[in-house]
Each structure stands twice: as C-alpha cells, then as structure tokens.
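What follows is the content of work15.csv, which has CSV, C-alpha atoms:
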chain,number,residue,atom,x,y,z
N,414,MET,CA,-20.7,-5.4,10.0
N,415,THR,CA,-20.7,-1.8,8.9
N,416,ILE,CA,-19.4,-0.5,5.5
N,417,GLN,CA,-16.5,1.3,7.4
N,418,MET,CA,-15.4,-2.1,8.9
N,419,ILE,CA,-15.6,-3.8,5.5
N,420,ILE,CA,-13.5,-1.0,3.9
N,421,PHE,CA,-11.0,-1.2,6.8
N,422,PHE,CA,-10.5,-4.9,6.3
N,423,ILE,CA,-10.3,-4.5,2.5
N,424,MET,CA,-7.5,-1.9,3.0
N,425,ILE,CA,-5.6,-4.3,5.3
N,426,LEU,CA,-5.9,-7.0,2.7
N,427,GLU,CA,-4.9,-4.5,0.0
N,428,GLY,CA,-1.8,-3.6,2.1
N,429,LEU,CA,-1.0,-7.3,2.1
N,430,ASN,CA,-1.5,-7.5,-1.7
N,431,LEU,CA,-4.4,-10.0,-1.2
N,432,THR,CA,-7.4,-8.3,-2.6
N,433,GLY,CA,-6.8,-8.8,-6.3
N,434,ILE,CA,-8.3,-5.3,-6.7
N,435,PRO,CA,-5.7,-2.4,-6.7
N,436,ALA,CA,-6.1,0.6,-4.4
N,437,ILE,CA,-6.3,2.7,-7.6
N,438,VAL,CA,-9.8,1.2,-8.0
N,439,ILE,CA,-10.8,0.8,-4.4
N,440,LEU,CA,-10.0,4.3,-3.1
N,441,PRO,CA,-11.8,6.4,-5.7
N,442,THR,CA,-14.9,4.2,-5.2
N,443,VAL,CA,-14.7,4.9,-1.5
N,444,GLY,CA,-14.5,8.6,-2.4
N,445,ILE,CA,-17.7,8.3,-4.5
N,446,MET,CA,-19.5,6.6,-1.6
N,447,ALA,CA,-18.5,9.5,0.6
N,448,ALA,CA,-19.7,12.1,-1.9
N,449,GLU,CA,-23.1,10.2,-2.2
N,450,GLY,CA,-23.4,10.5,1.6
N,451,ASN,CA,-23.1,6.8,2.4
N,452,ILE,CA,-20.0,7.5,4.6
N,453,LYS,CA,-18.3,10.5,6.1
N,454,LEU,CA,-15.2,11.7,4.1
N,455,ILE,CA,-12.9,12.4,7.0
N,456,SER,CA,-13.7,9.2,8.8
N,457,ILE,CA,-13.3,7.1,5.7
N,458,LEU,CA,-10.0,8.7,4.9
N,459,PHE,CA,-8.8,7.8,8.4
N,460,ILE,CA,-10.1,4.3,8.0
N,461,THR,CA,-8.4,3.7,4.7
N,462,ILE,CA,-5.1,5.1,5.9
N,463,LEU,CA,-5.2,3.0,9.1
N,464,GLY,CA,-6.1,-0.2,7.2
N,465,SER,CA,-3.3,0.4,4.7
N,466,ILE,CA,-0.7,1.1,7.4
N,467,LEU,CA,-1.7,-2.1,9.3
N,468,GLY,CA,-1.6,-4.2,6.2
N,469,ASN,CA,1.8,-2.9,5.2
N,470,ILE,CA,3.3,-3.3,8.6
N,471,THR,CA,2.0,-6.9,8.8
N,472,TYR,CA,3.5,-7.6,5.3
N,473,TYR,CA,6.9,-6.1,6.4
N,474,LEU,CA,7.0,-8.1,9.6
N,475,VAL,CA,6.2,-11.4,7.8
N,476,VAL,CA,9.0,-10.6,5.3
N,477,ILE,CA,11.5,-9.8,8.0
N,478,MET,CA,10.9,-13.3,9.4
N,479,ILE,CA,11.1,-15.1,6.1
N,480,GLY,CA,13.8,-12.9,4.5
N,481,PRO,CA,15.0,-12.7,0.9
N,482,LYS,CA,13.5,-16.2,0.1
N,483,ILE,CA,10.2,-14.7,-0.9
N,484,TYR,CA,11.9,-12.2,-3.2
N,485,ASP,CA,13.9,-15.0,-4.9
N,486,VAL,CA,10.8,-17.2,-5.3
N,487,LEU,CA,8.7,-14.3,-6.7
N,488,TYR,CA,11.4,-13.2,-9.0
N,489,LYS,CA,12.1,-16.7,-10.4
N,490,LYS,CA,8.5,-18.0,-10.7
N,491,PHE,CA,6.5,-14.9,-11.6
N,492,LYS,CA,8.1,-13.2,-14.6
N,493,GLY,CA,5.3,-10.6,-14.8
N,494,LEU,CA,6.4,-9.3,-11.4
N,495,ARG,CA,10.1,-8.8,-12.3
N,496,LYS,CA,9.6,-5.3,-13.6
N,497,SER,CA,7.9,-4.2,-10.4
N,498,LEU,CA,10.5,-6.0,-8.2
N,499,ASP,CA,13.3,-4.4,-10.2
N,500,LYS,CA,11.7,-1.0,-9.9
N,501,ALA,CA,11.3,-1.4,-6.1
N,502,ASN,CA,14.8,-2.8,-5.7
N,503,VAL,CA,16.2,0.3,-7.5
N,504,LEU,CA,14.1,2.6,-5.3
N,505,VAL,CA,15.4,0.9,-2.1
N,506,SER,CA,19.0,1.0,-3.3
N,507,GLN,CA,18.9,4.6,-4.3
N,508,TYR,CA,16.7,6.1,-1.6
N,509,GLY,CA,16.9,3.8,1.4
N,510,ASN,CA,14.2,4.6,4.0
N,511,ARG,CA,12.7,7.3,1.8
N,512,ALA,CA,11.9,4.6,-0.8
N,513,CYS,CA,9.1,3.5,1.5
N,514,CYS,CA,7.4,6.8,1.0
N,515,ILE,CA,8.2,7.2,-2.7
N,516,GLY,CA,7.3,3.6,-3.5
N,517,ARG,CA,3.8,4.1,-2.0
N,518,VAL,CA,2.8,6.4,-4.8
N,519,ILE,CA,4.3,4.6,-7.8
N,520,PRO,CA,2.0,2.0,-9.3
N,521,GLY,CA,3.8,-1.3,-9.6
N,522,ALA,CA,6.5,-0.4,-7.0
N,523,ARG,CA,3.8,0.2,-4.3
N,524,THR,CA,2.7,-3.4,-4.4
N,525,VAL,CA,6.2,-4.7,-3.5
N,526,ILE,CA,7.7,-2.0,-1.5
N,527,SER,CA,7.0,-3.7,1.9
N,528,LEU,CA,8.6,-6.8,0.5
N,529,MET,CA,11.7,-4.9,-0.5
N,530,ALA,CA,11.8,-3.0,2.8
N,531,GLY,CA,11.6,-6.2,4.8
N,532,THR,CA,14.0,-8.1,2.5
N,533,PHE,CA,16.6,-5.4,2.8
N,534,ARG,CA,15.8,-4.8,6.4
N,535,VAL,CA,14.9,-1.1,6.3
N,536,ASN,CA,14.7,0.2,9.9
N,537,PHE,CA,11.2,-0.5,11.3
N,538,ALA,CA,10.6,3.0,12.6
N,539,ALA,CA,11.7,4.6,9.4
N,540,PHE,CA,9.6,2.1,7.4
N,541,VAL,CA,6.5,3.0,9.4
N,542,CYS,CA,7.1,6.8,9.2
N,543,TYR,CA,7.9,6.9,5.5
N,544,SER,CA,5.2,4.4,4.6
N,545,THR,CA,2.6,6.4,6.5
N,546,LEU,CA,3.5,9.6,4.7
N,547,GLY,CA,3.2,7.8,1.3
N,548,ILE,CA,0.0,6.1,2.3
N,549,ILE,CA,-1.6,9.4,3.4
N,550,LEU,CA,-0.6,11.0,0.1
N,551,TRP,CA,-1.8,8.0,-2.1
N,552,ASN,CA,-5.0,7.3,-0.2
N,553,GLY,CA,-5.8,11.0,0.2
N,554,VAL,CA,-5.4,11.8,-3.5
N,555,LEU,CA,-7.4,8.8,-4.7
N,556,VAL,CA,-10.3,9.1,-2.2
N,557,LEU,CA,-10.5,12.9,-2.8
N,558,ALA,CA,-10.4,12.3,-6.6
N,559,GLY,CA,-13.4,10.0,-6.4
N,560,TYR,CA,-15.2,12.5,-4.0
N,561,ILE,CA,-14.5,15.6,-6.0
N,562,LEU,CA,-15.3,14.1,-9.4
N,563,THR,CA,-18.6,12.9,-8.0
N,564,VAL,CA,-19.5,16.2,-6.4
N,565,MET,CA,-18.6,18.1,-9.6
N,566,SER,CA,-20.7,15.9,-11.8
Structure encoded using structure tokens:
Amino acid sequence: MTIQMIIFFIMILEGLNLTGIPAIVILPTVGIMAAEGNIKLISILFITILGSILGNITYYLVVIMIGPKIYDVLYKKFKGLRKSLDKANVLVSQYGNRACCIGRVIPGARTVISLMAGTFRVNFAAFVCYSTLGIILWNGVLVLAGYILTVMS
C-alpha cells in the first residue's frame, strides 16, 4: 500500500472522527512530507480533500439513518463534547446549510458538524457543496502551512 493510499484512508477515518488524531496534526505533517519530496503537493492535497469528503458524507448518511438519537446519547454521556455540540448546534441554527462550510474551519465544531447536519436534516446536495468548500479551505491551509514552513526552514 502506498503512502498516498494510507493518507487517503486516514482522512476518511478522520472525517468519521475515528482516528483519534485531529486533522490539525495530520494535515501539516502531510505538508511536511510533500516539502521533503516524499509525495507530490497537488496530488496529496487532492487525496486529503477527497478522503475528508468521503468520510464526512459517510458520517452524514449514517446519522440520517439513525437520527437525533446519536446527538442525545453523546450529549448526555460525554460532558466533554457538550461545548462542541452546542457550538455546532448554534452554527446550524443560525446559518443553515452554510454552517457546513463554516463548521469545517472551526476546531471543535468541525468534529460534529456532520452529526449536526444529519441530525437536523440539512439538504444533502447543500451539505456536500458547503462541506466541500470548507474542507478545501481547511485542508489546503493546513497542508500548505506544513509545506511552506518546511520549505522556509
């Protein structure tokens, strides 16, 4: 398995909130690897974005099937998540579909925005469109930060 495939699967898992390692750590590391010549910058940007989109779509679709039950369980059982869930709830309430883009670039909210979008039944096409914009911005900035800081040092 190539490093690109491994990164792709890590980003799918990160989109599902299953890695235990946040994107804010993963993506700059990928940028560093690109700067060191281990992988091509443009292809790895595409791979991280595609993996993130697929992970987030999967998360959204699972939540659509299960509904608000997940939200209620998480809120009641995991007090540490309440602040993030509240922040994401406010985003969805105030901004609707646009919250999917905004929530992708706010630490804390980004980990639960797919849950909120699925729970509150944000339109699927709007979810994909706005999430993709946010993912491109988030992944692009973090990968490029790792790349540029490495090249400059």
Query raised in the report: What is the atom CA of N:Met414 to atom CA of N:Ile452 distance in Å?
Result: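 Interatomic distance here is 14.0 Å.
Among the candidate residues N:Val556, N:Ala436, N:Ile549, N:Ile462, the one lying nearest to N:Pro520 is N:Ala436, with distances computed using only C-alpha atoms.
Each of N:Thr532, N:Asn552, N:Asn430, N:Ser544 was compared to N:Lys482 using only C-alpha atoms, and N:Thr532 turns out to be the nearest.
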Report task. List every protein, DNA or RNA residue with an atom no more than 8 Å from (-6.7, 2.4, -3.1) in the file's coordinates, counting only C-alpha atoms, and format the result as number ranges by chain. Result -> N: 424, 427, 435-441, 551-552, 555-556
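The shortest atom-to-atom distance to N:Ser456, with all atoms listed in the file taken into account, belongs to N:Gly444 out of N:Val476, N:Gly444, N:Asp499, N:Ile423.
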Query raised in the report: So how far away is atom CA of N:Arg523 from atom CA of N:Leu494, in Å?
Result: 12.1 Å
Query raised in the report: What would the list of residues within 10 Å of (-18.7, 11.0, -3.5) (file frame) look like as JSON, numbers by chain, if all atoms listed in the file are what count?
Result: {"N": [441, 442, 443, 444, 445, 446, 447, 448, 449, 450, 451, 452, 453, 454, 556, 557, 558, 559, 560, 561, 562, 563, 564, 565, 566]}
Produce a file of the selected residues containing C-alpha atoms, as a PDB file, in the frame of the given file.
ATOM      1  CA  PRO N 441     -11.800   6.400  -5.700  1.00  0.00           C
ATOM      2  CA  THR N 442     -14.900   4.200  -5.200  1.00  0.00           C
ATOM      3  CA  VAL N 443     -14.700   4.900  -1.500  1.00  0.00           C
ATOM      4  CA  GLY N 444     -14.500   8.600  -2.400  1.00  0.00           C
ATOM      5  CA  ILE N 445     -17.700   8.300  -4.500  1.00  0.00           C
ATOM      6  CA  MET N 446     -19.500   6.600  -1.600  1.00  0.00           C
ATOM      7  CA  ALA N 447     -18.500   9.500   0.600  1.00  0.00           C
ATOM      8  CA  ALA N 448     -19.700  12.100  -1.900  1.00  0.00           C
ATOM      9  CA  GLU N 449     -23.100  10.200  -2.200  1.00  0.00           C
ATOM     10  CA  GLY N 450     -23.400  10.500   1.600  1.00  0.00           C
ATOM     11  CA  ASN N 451     -23.100   6.800   2.400  1.00  0.00           C
ATOM     12  CA  ILE N 452     -20.000   7.500   4.600  1.00  0.00           C
ATOM     13  CA  LYS N 453     -18.300  10.500   6.100  1.00  0.00           C
ATOM     14  CA  LEU N 454     -15.200  11.700   4.100  1.00  0.00           C
ATOM     15  CA  VAL N 556     -10.300   9.100  -2.200  1.00  0.00           C
ATOM     16  CA  LEU N 557     -10.500  12.900  -2.800  1.00  0.00           C
ATOM     17  CA  ALA N 558     -10.400  12.300  -6.600  1.00  0.00           C
ATOM     18  CA  GLY N 559     -13.400  10.000  -6.400  1.00  0.00           C
ATOM     19  CA  TYR N 560     -15.200  12.500  -4.000  1.00  0.00           C
ATOM     20  CA  ILE N 561     -14.500  15.600  -6.000  1.00  0.00           C
ATOM     21  CA  LEU N 562     -15.300  14.100  -9.400  1.00  0.00           C
ATOM     22  CA  THR N 563     -18.600  12.900  -8.000  1.00  0.00           C
ATOM     23  CA  VAL N 564     -19.500  16.200  -6.400  1.00  0.00           C
ATOM     24  CA  MET N 565     -18.600  18.100  -9.600  1.00  0.00           C
ATOM     25  CA  SER N 566     -20.700  15.900 -11.800  1.00  0.00           C
TER      26      SER N 566
END
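Take the candidates N:Phe422, N:Asn469, N:Arg495, N:Pro481 and check each one against N:Tyr543 using only C-alpha atoms; the shortest distance goes to N:Asn469.
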Report summary line: Computed gap from atom CA of N:Leu467 to atom CA of N:Ile420 is 13.0 Å
**Report entry** Residues near N:Tyr473, cut-off 12 Å, all atoms listed in the file, skip fewer than 2 positions along chain, as a ChimeraX atom specification
**Finding:** /N:428-430,466-471,475-481,483,513,524-538,540-541,544
Edge lengths and centre in Å to one decimal, as JSON, of the axis-aligned box that encloses all listed atoms of stretch 481-485 of chain N with 5 Å added on every side?
{"center_x": 12.6, "center_y": -14.2, "center_z": -2.0, "size_x": 14.8, "size_y": 14.0, "size_z": 15.8}
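Shortest separation to N:Ile425 among N:Val503, N:Ile460, N:Leu546, N:Val486 occurs at residue N:Ile460, atoms counted being all atoms listed in the file.
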